[in-house]
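Source file: work22.csv; contents: CSV, C-alpha atoms.
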chain,number,residue,atom,x,y,z
B,26,MET,CA,99.4,116.9,139.5
B,27,ILE,CA,97.1,115.2,137.0
B,28,THR,CA,95.1,112.4,138.6
B,29,LEU,CA,92.8,109.7,137.2
B,30,SER,CA,89.8,111.9,137.9
B,31,HIS,CA,91.0,114.6,135.5
B,32,TYR,CA,91.1,112.1,132.7
B,33,LEU,CA,87.8,110.6,133.6
B,34,VAL,CA,86.2,114.0,133.7
B,35,LEU,CA,87.7,114.8,130.3
B,36,THR,CA,86.4,111.5,129.0
B,37,ALA,CA,82.9,112.3,130.3
B,38,ILE,CA,83.0,115.8,128.7
B,39,LEU,CA,84.0,114.4,125.3
B,40,PHE,CA,81.5,111.6,125.6
B,41,CYS,CA,78.7,114.1,126.3
B,42,ILE,CA,79.8,116.2,123.3
B,43,GLY,CA,79.5,113.1,121.2
B,44,LEU,CA,76.1,112.3,122.6
B,45,VAL,CA,74.9,115.8,121.8
B,46,GLY,CA,76.2,115.3,118.2
B,47,ILE,CA,74.2,112.0,117.9
B,48,LEU,CA,71.1,113.7,119.2
B,49,ARG,CA,71.1,116.8,117.0
B,50,ARG,CA,72.5,115.5,113.7
B,51,LYS,CA,70.2,114.4,110.9
B,52,ASN,CA,72.9,113.9,108.3
B,53,LEU,CA,74.1,110.3,108.5
B,54,LEU,CA,77.7,111.2,107.7
B,55,MET,CA,77.8,113.6,110.6
B,56,LEU,CA,76.2,110.9,112.7
B,57,PHE,CA,79.2,108.7,111.9
B,58,PHE,CA,81.5,111.5,113.0
B,59,ALA,CA,79.7,111.6,116.4
B,60,THR,CA,80.1,107.9,116.8
B,61,GLU,CA,83.8,108.1,116.2
B,62,MET,CA,84.0,110.8,118.9
B,63,LEU,CA,82.2,108.5,121.4
B,64,LEU,CA,84.7,105.7,120.7
B,65,ASN,CA,87.7,108.0,121.1
B,66,ALA,CA,86.5,109.4,124.3
B,67,VAL,CA,86.2,106.0,125.8
B,68,ASN,CA,89.6,105.1,124.6
B,69,ILE,CA,91.1,107.9,126.6
B,70,GLY,CA,89.4,106.6,129.7
B,71,PHE,CA,90.8,103.1,129.0
B,72,ALA,CA,94.3,104.4,128.6
B,73,ALA,CA,94.1,106.5,131.8
B,74,VAL,CA,92.8,103.6,133.9
B,75,SER,CA,95.5,101.5,132.4
B,76,LYS,CA,98.2,103.9,133.5
B,77,TYR,CA,96.9,104.7,137.0
B,78,TYR,CA,96.3,101.0,137.9
B,79,MET,CA,99.5,99.9,136.2
B,80,ASP,CA,97.6,97.4,134.1
B,81,LEU,CA,97.9,96.7,130.4
B,82,THR,CA,94.4,95.4,130.0
B,83,GLY,CA,92.9,98.9,129.4
B,84,GLN,CA,95.3,99.6,126.5
B,85,LEU,CA,94.5,96.2,124.9
B,86,PHE,CA,90.8,96.9,125.2
B,87,ALA,CA,91.4,100.2,123.5
B,88,PHE,CA,93.1,98.4,120.6
B,89,PHE,CA,90.1,96.2,120.1
B,90,VAL,CA,87.9,99.3,120.2
B,91,ILE,CA,90.0,100.8,117.5
B,92,ALA,CA,89.7,97.6,115.4
B,93,ILE,CA,85.9,97.6,115.8
B,94,ALA,CA,85.7,101.3,114.9
B,95,ALA,CA,87.8,100.7,111.7
B,96,SER,CA,85.5,97.9,110.5
B,97,GLU,CA,82.4,99.9,111.5
B,98,VAL,CA,83.5,102.7,109.3
B,99,ALA,CA,84.2,100.4,106.3
B,100,VAL,CA,80.9,98.6,106.5
B,101,GLY,CA,78.9,101.8,107.4
B,102,LEU,CA,80.3,103.8,104.5
B,103,GLY,CA,79.6,101.0,102.1
B,104,LEU,CA,76.0,100.9,103.2
B,105,LEU,CA,75.8,104.7,103.1
B,106,ILE,CA,77.0,104.7,99.5
B,107,ILE,CA,74.4,102.1,98.5
B,108,TRP,CA,71.7,104.2,100.2
B,109,TYR,CA,72.9,107.4,98.5
B,110,LYS,CA,72.8,105.7,95.1
B,111,ARG,CA,69.3,104.5,95.7
B,112,VAL,CA,67.7,107.5,97.4
B,113,GLY,CA,70.0,110.4,96.6
B,114,SER,CA,70.1,111.7,100.1
B,115,ILE,CA,71.8,110.7,103.3
B,116,ASP,CA,69.3,112.5,105.5
B,117,LEU,CA,68.1,110.4,108.4
B,118,ASP,CA,64.4,111.4,107.8
B,119,THR,CA,64.4,109.8,104.3
B,120,MET,CA,65.2,106.4,105.8
B,121,GLN,CA,61.7,105.8,107.1
B,122,SER,CA,59.8,103.8,104.5
B,123,MET,CA,56.9,102.7,106.6
B,124,HIS,CA,54.4,105.4,107.3
B,125,GLY,CA,52.5,104.4,110.4
A,16,MET,CA,104.2,120.6,135.9
A,17,ILE,CA,104.8,120.0,132.2
A,18,GLU,CA,102.3,117.2,132.4
A,19,ALA,CA,99.6,119.5,133.7
A,20,ILE,CA,100.4,122.1,131.0
A,21,ALA,CA,100.2,119.4,128.3
A,22,PHE,CA,97.0,117.9,129.7
A,23,TYR,CA,95.1,121.2,129.9
A,24,THR,CA,96.4,122.3,126.4
A,25,PHE,CA,95.4,119.0,124.8
A,26,ALA,CA,92.1,119.0,126.7
A,27,THR,CA,91.1,122.5,125.6
A,28,LEU,CA,92.1,121.8,122.0
A,29,THR,CA,90.3,118.4,121.8
A,30,ILE,CA,87.1,119.8,123.3
A,31,ALA,CA,87.2,122.8,121.0
A,32,MET,CA,87.7,120.6,117.9
A,33,PHE,CA,84.9,118.2,118.9
A,34,VAL,CA,82.5,121.0,119.5
A,35,ILE,CA,83.3,122.3,116.1
A,36,THR,CA,82.7,118.8,114.7
A,37,VAL,CA,79.3,118.7,116.4
A,38,MET,CA,78.2,122.2,115.7
A,39,SER,CA,79.6,122.9,112.2
A,40,LYS,CA,77.2,123.0,109.3
A,41,ASN,CA,79.9,122.3,106.7
A,42,ALA,CA,80.8,118.6,106.4
A,43,LEU,CA,84.3,119.4,105.3
A,44,TYR,CA,85.0,121.6,108.4
A,45,ALA,CA,83.5,118.9,110.6
A,46,MET,CA,85.7,116.2,109.1
A,47,SER,CA,88.9,118.4,109.4
A,48,ALA,CA,88.1,119.3,113.0
A,49,LEU,CA,87.5,115.6,113.8
A,50,ALA,CA,90.9,114.7,112.3
A,51,ALA,CA,92.6,117.3,114.4
A,52,GLY,CA,90.8,116.1,117.5
A,53,MET,CA,92.0,112.6,116.8
A,54,ILE,CA,95.6,113.9,116.6
A,55,PHE,CA,95.2,115.7,119.9
A,56,ILE,CA,93.8,112.6,121.5
A,57,SER,CA,97.0,110.7,120.5
A,58,GLY,CA,98.8,113.3,122.5
A,59,PHE,CA,96.9,112.0,125.6
A,60,PHE,CA,98.0,108.5,124.8
A,61,PHE,CA,101.7,109.7,124.7
A,62,LEU,CA,101.1,111.5,128.0
A,63,LEU,CA,99.8,108.3,129.5
A,64,ASP,CA,102.8,106.2,128.5
A,65,ALA,CA,100.8,104.3,126.0
A,66,ASP,CA,103.2,105.0,123.1
A,67,PHE,CA,102.0,102.2,120.9
A,68,LEU,CA,98.4,103.1,121.3
A,69,GLY,CA,99.2,106.7,120.3
A,70,VAL,CA,101.0,105.6,117.2
A,71,VAL,CA,98.1,103.3,116.3
A,72,GLN,CA,95.7,106.1,116.9
A,73,ILE,CA,97.5,108.4,114.5
A,74,ILE,CA,97.9,105.7,111.8
A,75,VAL,CA,94.5,104.1,112.0
A,76,TYR,CA,92.2,107.1,112.8
A,77,THR,CA,93.9,110.0,111.1
A,78,GLY,CA,95.4,107.9,108.3
A,79,ALA,CA,92.8,105.3,107.5
A,80,VAL,CA,89.5,106.3,108.9
A,81,MET,CA,89.7,109.9,107.9
A,82,ALA,CA,91.0,109.0,104.4
A,83,LEU,CA,88.0,106.7,104.2
A,84,TYR,CA,85.6,109.5,105.2
A,85,ALA,CA,87.3,111.8,102.7
A,86,PHE,CA,86.7,109.2,99.9
A,87,GLY,CA,83.1,108.8,101.2
A,88,MET,CA,82.5,112.5,101.0
A,89,MET,CA,83.5,112.5,97.4
A,90,PHE,CA,80.4,110.3,96.7
A,91,PHE,CA,78.1,112.7,98.5
A,92,ASP,CA,77.6,116.3,97.6
A,93,THR,CA,79.0,117.7,100.8
A,94,THR,CA,80.5,121.0,99.7
A,95,ARG,CA,77.3,122.9,100.2
A,96,GLU,CA,75.9,123.4,103.7
A,97,VAL,CA,74.3,120.5,105.3
A,98,LYS,CA,70.6,121.1,105.6
A,99,GLU,CA,69.2,119.6,108.7
A,100,ARG,CA,65.6,119.7,109.7
A,101,ASN,CA,65.7,119.9,113.4
A,102,SER,CA,62.2,119.4,114.5
A,103,SER,CA,62.5,120.8,117.9
A,104,ALA,CA,65.6,122.1,119.7
A,105,LYS,CA,63.8,121.7,123.1
A,106,VAL,CA,63.8,117.9,122.8
A,107,VAL,CA,67.5,117.8,121.9
A,108,PHE,CA,68.4,120.0,124.8
A,109,VAL,CA,66.3,118.1,127.3
A,110,LEU,CA,67.8,114.8,126.1
A,111,SER,CA,71.3,116.2,126.2
A,112,GLY,CA,70.8,117.5,129.7
A,113,MET,CA,69.5,114.1,130.8
A,114,ALA,CA,72.6,112.4,129.2
A,115,ALA,CA,74.9,114.8,131.1
A,116,LEU,CA,73.0,114.2,134.3
A,117,LEU,CA,73.3,110.4,133.9
A,118,MET,CA,77.1,110.9,133.2
A,119,VAL,CA,77.4,112.8,136.5
A,120,VAL,CA,75.6,110.1,138.4
A,121,ILE,CA,77.8,107.4,136.9
A,122,LEU,CA,80.9,109.4,137.8
A,123,VAL,CA,79.8,110.3,141.3
A,124,ALA,CA,78.4,106.9,142.2
A,125,PRO,CA,80.7,104.9,144.5
A,126,ILE,CA,83.2,103.1,142.3
A,127,ILE,CA,84.6,99.7,143.2
A,128,SER,CA,88.1,101.0,142.5
A,129,ASP,CA,89.5,99.5,145.7
A,130,LYS,CA,88.8,96.0,144.5
A,131,VAL,CA,90.5,96.6,141.1
A,132,GLN,CA,93.7,94.6,140.8
A,133,ALA,CA,96.2,94.6,138.0
A,134,LEU,CA,95.8,91.4,136.0
A,135,TYR,CA,98.8,92.1,133.8
A,136,PRO,CA,101.0,94.5,135.6
A,137,MET,CA,103.3,96.7,133.6
A,138,ARG,CA,106.9,95.6,133.6
A,139,GLU,CA,109.6,98.1,134.1
A,140,ASP,CA,112.3,96.3,132.0
A,141,VAL,CA,110.4,96.3,128.7
A,142,GLY,CA,109.0,99.2,126.6
A,143,ASN,CA,105.4,99.8,126.0
A,144,ALA,CA,105.2,98.3,122.5
A,145,GLU,CA,107.0,95.1,123.7
A,146,ALA,CA,104.8,94.8,126.8
A,147,VAL,CA,101.7,95.2,124.6
A,148,GLY,CA,102.9,92.5,122.3
A,149,ILE,CA,103.7,90.1,125.1
A,150,VAL,CA,100.2,90.4,126.5
A,151,LEU,CA,98.5,90.5,123.1
A,152,PHE,CA,100.1,87.4,121.8
A,153,THR,CA,99.7,85.3,125.0
A,154,LYS,CA,96.5,86.2,126.9
A,155,TYR,CA,94.6,87.9,124.2
A,156,LEU,CA,95.5,85.7,121.2
A,157,VAL,CA,92.0,84.4,120.5
A,158,PRO,CA,90.4,87.9,120.6
A,159,PHE,CA,93.2,89.1,118.4
A,160,GLU,CA,92.6,86.5,115.8
A,161,VAL,CA,88.8,87.1,115.9
A,162,ALA,CA,89.5,90.8,115.4
A,163,ALA,CA,91.6,89.9,112.4
A,164,VAL,CA,88.8,87.8,110.9
A,165,MET,CA,86.3,90.6,111.6
A,166,LEU,CA,88.5,93.2,109.8
A,167,LEU,CA,88.8,90.8,106.8
A,168,VAL,CA,85.0,90.4,106.7
A,169,ALA,CA,84.6,94.2,107.0
A,170,MET,CA,87.1,94.8,104.2
A,171,ILE,CA,85.3,92.3,101.9
A,172,SER,CA,81.9,93.8,102.7
A,173,GLY,CA,83.1,97.3,102.2
A,174,ILE,CA,84.6,96.5,98.8
A,175,ILE,CA,81.5,94.6,97.6
A,176,MET,CA,79.1,97.3,98.8
A,177,ALA,CA,81.0,100.2,97.5
A,178,SER,CA,81.8,98.7,94.2
A,179,LYS,CA,78.3,97.6,93.4
A,180,ARG,CA,77.2,99.4,90.2
A,181,MET,CA,80.4,101.3,90.2
A,182,ASP,CA,80.2,101.9,86.4
A,183,GLU,CA,77.2,104.2,87.0
A,184,SER,CA,78.7,107.5,87.9
A,185,LEU,CA,76.6,109.7,90.1
A,186,THR,CA,78.1,113.0,89.2
A,187,LEU,CA,78.5,112.4,85.5
A,188,LYS,CA,74.9,111.3,85.2
A,189,GLU,CA,73.7,114.4,86.9
A,190,ASP,CA,75.8,116.5,84.4
A,191,GLU,CA,74.2,114.7,81.5
A,192,GLU,CA,70.7,115.3,82.8
A,193,ILE,CA,71.5,118.9,83.3
A,194,GLN,CA,72.8,119.2,79.7
A,195,LYS,CA,69.6,117.4,78.5
A,196,LYS,CA,67.5,119.9,80.3
A,197,ALA,CA,69.5,122.8,79.0
A,198,ALA,CA,69.1,121.5,75.4
A,199,GLN,CA,65.4,121.2,75.6
Once you've parsed the file, please lay out its structure as C-alpha cells.
Amino acid sequence: MITLSHYLVLTAILFCIGLVGILRRKNLLMLFFATEMLLNAVNIGFAAVSKYYMDLTGQLFAFFVIAIAASEVAVGLGLLIIWYKRVGSIDLDTMQSMHG
Amino acid sequence: MIEAIAFYTFATLTIAMFVITVMSKNALYAMSALAAGMIFISGFFFLLDADFLGVVQIIVYTGAVMALYAFGMMFFDTTREVKERNSSAKVVFVLSGMAALLMVVILVAPIISDKVQALYPMREDVGNAEAVGIVLFTKYLVPFEVAAVMLLVAMISGIIMASKRMDESLTLKEDEEIQKKAAQ
C-alpha cells in the first residue's frame, strides 16, 4: 500500500537532486534544468497531498506552479539569449562584472 | 498491488533520469533526460487521480517547455561538452549534505496534519477535469486571470528579448570570421 509518506519521501529525494544540480552547475542552461526539477518535485507533493486529503486545492496550486514555470522559462531564455549575444558565454562565472 | 509496482517503477525511473540530468556533461543528454523525467512524473499524476494535471504536465512541460529549451539550445553551442569550472567539490558536497539534512528535519518535524481540513472536497459524481474546472472558475477565478496576464507579459517579453538584433546571426558571423582568418 502506497501512503502519503511514500510520495513525500519521493518529493524530498527529487528536490534534493535538484538542489545538488543548482549547487554544482556553472552553466546557466543546466541551472535552468535544475530549477525545473525543483518545481516538478514540489508538484508531485501537491498532487499527493491533494489526493490523500481529498482536497482539490493542491492540484490547483500545482497548476499555478506550472504556469509560473512556463513564464519563467520564456523570460529566462530571452535573457539568456541576450546575454549570450553580448558576452558569448553562458557560464555563471562570466556574469560578475564587479571585481571587489 | 499494481499501484505499488507502478509507484516504484516510476520512482526509480524518475530519480535515474533526474540524476542523469544533474550529472551529465552533455547538454543534449541532460535535456533529453529531463524530458523523460517529466513524462514519468505525469505518470505519478495519473496514479494520484489527477488526470487533468497529468495531461497538462505532458503538454506544457514536455511539449512547450522542452521545445523552448531545444530552440534555446540552437542559439548556444551545446553540442560539445559543457566545461564547468568547479572550484571545490568539498563545498558542494557539504552544502548538499546540509540541504539533505534540512530536508530530513522538515520531514521528521511534527506536522500539523491533524488540523488540515479539505476546503474543496472532491466530489464523486464528477470527473477530475470537471471538478478542477468548477473550483478553478469559482474560487480561484482571480488568480487564474492574474496568471493569464502574467503569461501574456512573459510571452511579450520573451518575444521582444529573443528577437532583439535577430538579423545578426551568431553562427553565420562566426563562419565569416573563420573564413577571413583562413584567407589571411
6 Å contacts from chain B to chain A using all atoms listed in the file, as an MDAnalysis selection string: chainID B and resid 27 45:46 51 79:81 96 99:100 103
Among the residues B:Leu64, B:Ala59, B:Ala37, B:Leu48, the one that comes closest to Ala95 (chain B) [using all atoms listed in the file]: B:Leu64
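Closest approach to Trp108 (chain B) among B:Ile38, B:Ile47, B:Ala87, B:Leu53: B:Leu53, based on all atoms listed in the file.
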CA of Thr77 (chain A) to CA of Ala51 (chain A), straight-line distance in Å: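 Interatomic distance here is 8.1 Å.
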Atomic distance CA of Val98 (chain B) - CA of Gly43 (chain B), expressed in Å with one decimal: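 Separating CA of Val98 (chain B) from CA of Gly43 (chain B) is a distance of 16.3 Å.
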Distance of CA of Gly83 (chain B) from CA of Phe58 (chain B), expressed in Å to one decimal place: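 For CA of Phe58 (chain B) relative to CA of Gly83 (chain B), the distance reads 23.6 Å.
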Counting all atoms listed in the file, which residues come within 10 Å of (92.5, 103.1, 132.1), with the point read in the file's coordinates, and could you list them as a PDB file with C-alpha atoms, in the frame of the given file?
ATOM      1  CA  LEU B  29      92.800 109.700 137.200  1.00  0.00           C
ATOM      2  CA  TYR B  32      91.100 112.100 132.700  1.00  0.00           C
ATOM      3  CA  LEU B  33      87.800 110.600 133.600  1.00  0.00           C
ATOM      4  CA  VAL B  67      86.200 106.000 125.800  1.00  0.00           C
ATOM      5  CA  ASN B  68      89.600 105.100 124.600  1.00  0.00           C
ATOM      6  CA  ILE B  69      91.100 107.900 126.600  1.00  0.00           C
ATOM      7  CA  GLY B  70      89.400 106.600 129.700  1.00  0.00           C
ATOM      8  CA  PHE B  71      90.800 103.100 129.000  1.00  0.00           C
ATOM      9  CA  ALA B  72      94.300 104.400 128.600  1.00  0.00           C
ATOM     10  CA  ALA B  73      94.100 106.500 131.800  1.00  0.00           C
ATOM     11  CA  VAL B  74      92.800 103.600 133.900  1.00  0.00           C
ATOM     12  CA  SER B  75      95.500 101.500 132.400  1.00  0.00           C
ATOM     13  CA  LYS B  76      98.200 103.900 133.500  1.00  0.00           C
ATOM     14  CA  TYR B  77      96.900 104.700 137.000  1.00  0.00           C
ATOM     15  CA  TYR B  78      96.300 101.000 137.900  1.00  0.00           C
ATOM     16  CA  MET B  79      99.500  99.900 136.200  1.00  0.00           C
ATOM     17  CA  ASP B  80      97.600  97.400 134.100  1.00  0.00           C
ATOM     18  CA  LEU B  81      97.900  96.700 130.400  1.00  0.00           C
ATOM     19  CA  THR B  82      94.400  95.400 130.000  1.00  0.00           C
ATOM     20  CA  GLY B  83      92.900  98.900 129.400  1.00  0.00           C
ATOM     21  CA  GLN B  84      95.300  99.600 126.500  1.00  0.00           C
ATOM     22  CA  PHE B  86      90.800  96.900 125.200  1.00  0.00           C
ATOM     23  CA  ALA B  87      91.400 100.200 123.500  1.00  0.00           C
TER      24      ALA B  87
ATOM     25  CA  LEU A  63      99.800 108.300 129.500  1.00  0.00           C
TER      26      LEU A  63
END
Counting only C-alpha atoms, the option among B:Leu35, B:Cys41, B:Ile106, B:Met55 closest to Tyr44 (chain A):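 So, comparing all the options, the nearest one is B:Met55.
Here the question is which of A:Met113, A:Ile149, A:Asp140, A:Ile54 gets nearest to Gly78 (chain A) using all atoms listed in the file, and that residue is A:Ile54.
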Counting only C-alpha atoms, the residue of B:Leu56, B:Ala66, B:Leu44, B:Leu117 that sits nearest Ile91 (chain B):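 Among the listed residues, B:Ala66 lies closest to Ile91 (chain B).
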Missing atoms in region 38-73 of chain B: fill them in up to N, CA and C atoms and send the result as an mmCIF file, in the frame of the given file.
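As a result, part_6.cif now contains:
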data_model
loop_
_atom_site.group_PDB
_atom_site.id
_atom_site.type_symbol
_atom_site.label_atom_id
_atom_site.label_comp_id
_atom_site.auth_asym_id
_atom_site.auth_seq_id
_atom_site.Cartn_x
_atom_site.Cartn_y
_atom_site.Cartn_z
ATOM 1 N N ILE B 38 83.318 114.562 129.477
ATOM 2 C CA ILE B 38 83.000 115.800 128.700
ATOM 3 C C ILE B 38 82.941 115.404 127.197
ATOM 4 N N LEU B 39 83.986 114.703 126.725
ATOM 5 C CA LEU B 39 84.000 114.400 125.300
ATOM 6 C C LEU B 39 82.880 113.440 124.923
ATOM 7 N N PHE B 40 82.559 112.505 125.829
ATOM 8 C CA PHE B 40 81.500 111.600 125.600
ATOM 9 C C PHE B 40 80.135 112.340 125.443
ATOM 10 N N CYS B 41 79.962 113.349 126.331
ATOM 11 C CA CYS B 41 78.700 114.100 126.300
ATOM 12 C C CYS B 41 78.647 114.936 125.003
ATOM 13 N N ILE B 42 79.790 115.475 124.557
ATOM 14 C CA ILE B 42 79.800 116.200 123.300
ATOM 15 C C ILE B 42 79.345 115.288 122.153
ATOM 16 N N GLY B 43 79.880 114.068 122.179
ATOM 17 C CA GLY B 43 79.500 113.100 121.200
ATOM 18 C C GLY B 43 78.023 112.749 121.216
ATOM 19 N N LEU B 44 77.489 112.640 122.441
ATOM 20 C CA LEU B 44 76.100 112.300 122.600
ATOM 21 C C LEU B 44 75.202 113.455 122.033
ATOM 22 N N VAL B 45 75.617 114.696 122.322
ATOM 23 C CA VAL B 45 74.900 115.800 121.800
ATOM 24 C C VAL B 45 74.897 115.773 120.247
ATOM 25 N N GLY B 46 76.072 115.411 119.687
ATOM 26 C CA GLY B 46 76.200 115.300 118.200
ATOM 27 C C GLY B 46 75.204 114.241 117.700
ATOM 28 N N ILE B 47 75.139 113.081 118.385
ATOM 29 C CA ILE B 47 74.200 112.000 117.900
ATOM 30 C C ILE B 47 72.792 112.483 117.998
ATOM 31 N N LEU B 48 72.466 113.279 119.037
ATOM 32 C CA LEU B 48 71.100 113.700 119.200
ATOM 33 C C LEU B 48 70.652 114.743 118.201
ATOM 34 N N ARG B 49 71.572 115.642 117.830
ATOM 35 C CA ARG B 49 71.100 116.800 117.000
ATOM 36 C C ARG B 49 71.393 116.615 115.537
ATOM 37 N N ARG B 50 72.198 115.630 115.147
ATOM 38 C CA ARG B 50 72.500 115.500 113.700
ATOM 39 C C ARG B 50 71.421 114.738 112.998
ATOM 40 N N LYS B 51 71.129 115.181 111.791
ATOM 41 C CA LYS B 51 70.200 114.400 110.900
ATOM 42 C C LYS B 51 70.922 113.861 109.731
ATOM 43 N N ASN B 52 72.089 114.380 109.423
ATOM 44 C CA ASN B 52 72.900 113.900 108.300
ATOM 45 C C ASN B 52 73.621 112.618 108.766
ATOM 46 N N LEU B 53 73.553 111.544 107.980
ATOM 47 C CA LEU B 53 74.100 110.300 108.500
ATOM 48 C C LEU B 53 75.635 110.327 108.541
ATOM 49 N N LEU B 54 76.278 111.080 107.635
ATOM 50 C CA LEU B 54 77.700 111.200 107.700
ATOM 51 C C LEU B 54 78.168 111.876 108.984
ATOM 52 N N MET B 55 77.447 112.925 109.354
ATOM 53 C CA MET B 55 77.800 113.600 110.600
ATOM 54 C C MET B 55 77.495 112.723 111.812
ATOM 55 N N LEU B 56 76.496 111.851 111.666
ATOM 56 C CA LEU B 56 76.200 110.900 112.700
ATOM 57 C C LEU B 56 77.373 109.941 112.935
ATOM 58 N N PHE B 57 77.998 109.549 111.832
ATOM 59 C CA PHE B 57 79.200 108.700 111.900
ATOM 60 C C PHE B 57 80.319 109.399 112.654
ATOM 61 N N PHE B 58 80.491 110.686 112.349
ATOM 62 C CA PHE B 58 81.500 111.500 113.000
ATOM 63 C C PHE B 58 81.320 111.422 114.550
ATOM 64 N N ALA B 59 80.051 111.619 114.948
ATOM 65 C CA ALA B 59 79.700 111.600 116.400
ATOM 66 C C ALA B 59 80.059 110.278 117.014
ATOM 67 N N THR B 60 79.780 109.195 116.255
ATOM 68 C CA THR B 60 80.100 107.900 116.800
ATOM 69 C C THR B 60 81.579 107.697 117.012
ATOM 70 N N GLU B 61 82.380 108.186 116.066
ATOM 71 C CA GLU B 61 83.800 108.100 116.200
ATOM 72 C C GLU B 61 84.274 108.858 117.491
ATOM 73 N N MET B 62 83.622 109.995 117.746
ATOM 74 C CA MET B 62 84.000 110.800 118.900
ATOM 75 C C MET B 62 83.700 109.997 120.200
ATOM 76 N N LEU B 63 82.564 109.304 120.235
ATOM 77 C CA LEU B 63 82.200 108.500 121.400
ATOM 78 C C LEU B 63 83.312 107.442 121.645
ATOM 79 N N LEU B 64 83.689 106.736 120.582
ATOM 80 C CA LEU B 64 84.700 105.700 120.700
ATOM 81 C C LEU B 64 86.019 106.215 121.200
ATOM 82 N N ASN B 65 86.399 107.376 120.667
ATOM 83 C CA ASN B 65 87.700 108.000 121.100
ATOM 84 C C ASN B 65 87.672 108.414 122.507
ATOM 85 N N ALA B 66 86.545 108.990 122.944
ATOM 86 C CA ALA B 66 86.500 109.400 124.300
ATOM 87 C C ALA B 66 86.649 108.252 125.274
ATOM 88 N N VAL B 67 86.014 107.127 124.941
ATOM 89 C CA VAL B 67 86.200 106.000 125.800
ATOM 90 C C VAL B 67 87.592 105.444 125.791
ATOM 91 N N ASN B 68 88.256 105.540 124.636
ATOM 92 C CA ASN B 68 89.600 105.100 124.600
ATOM 93 C C ASN B 68 90.549 105.847 125.517
ATOM 94 N N ILE B 69 90.319 107.159 125.639
ATOM 95 C CA ILE B 69 91.100 107.900 126.600
ATOM 96 C C ILE B 69 90.930 107.392 128.000
ATOM 97 N N GLY B 70 89.673 107.106 128.343
ATOM 98 C CA GLY B 70 89.400 106.600 129.700
ATOM 99 C C GLY B 70 90.121 105.252 129.906
ATOM 100 N N PHE B 71 90.104 104.377 128.894
ATOM 101 C CA PHE B 71 90.800 103.100 129.000
ATOM 102 C C PHE B 71 92.284 103.274 129.252
ATOM 103 N N ALA B 72 92.885 104.166 128.454
ATOM 104 C CA ALA B 72 94.300 104.400 128.600
ATOM 105 C C ALA B 72 94.668 104.960 129.948
ATOM 106 N N ALA B 73 93.806 105.871 130.455
ATOM 107 C CA ALA B 73 94.100 106.500 131.800
ATOM 108 C C ALA B 73 93.993 105.463 132.872
#
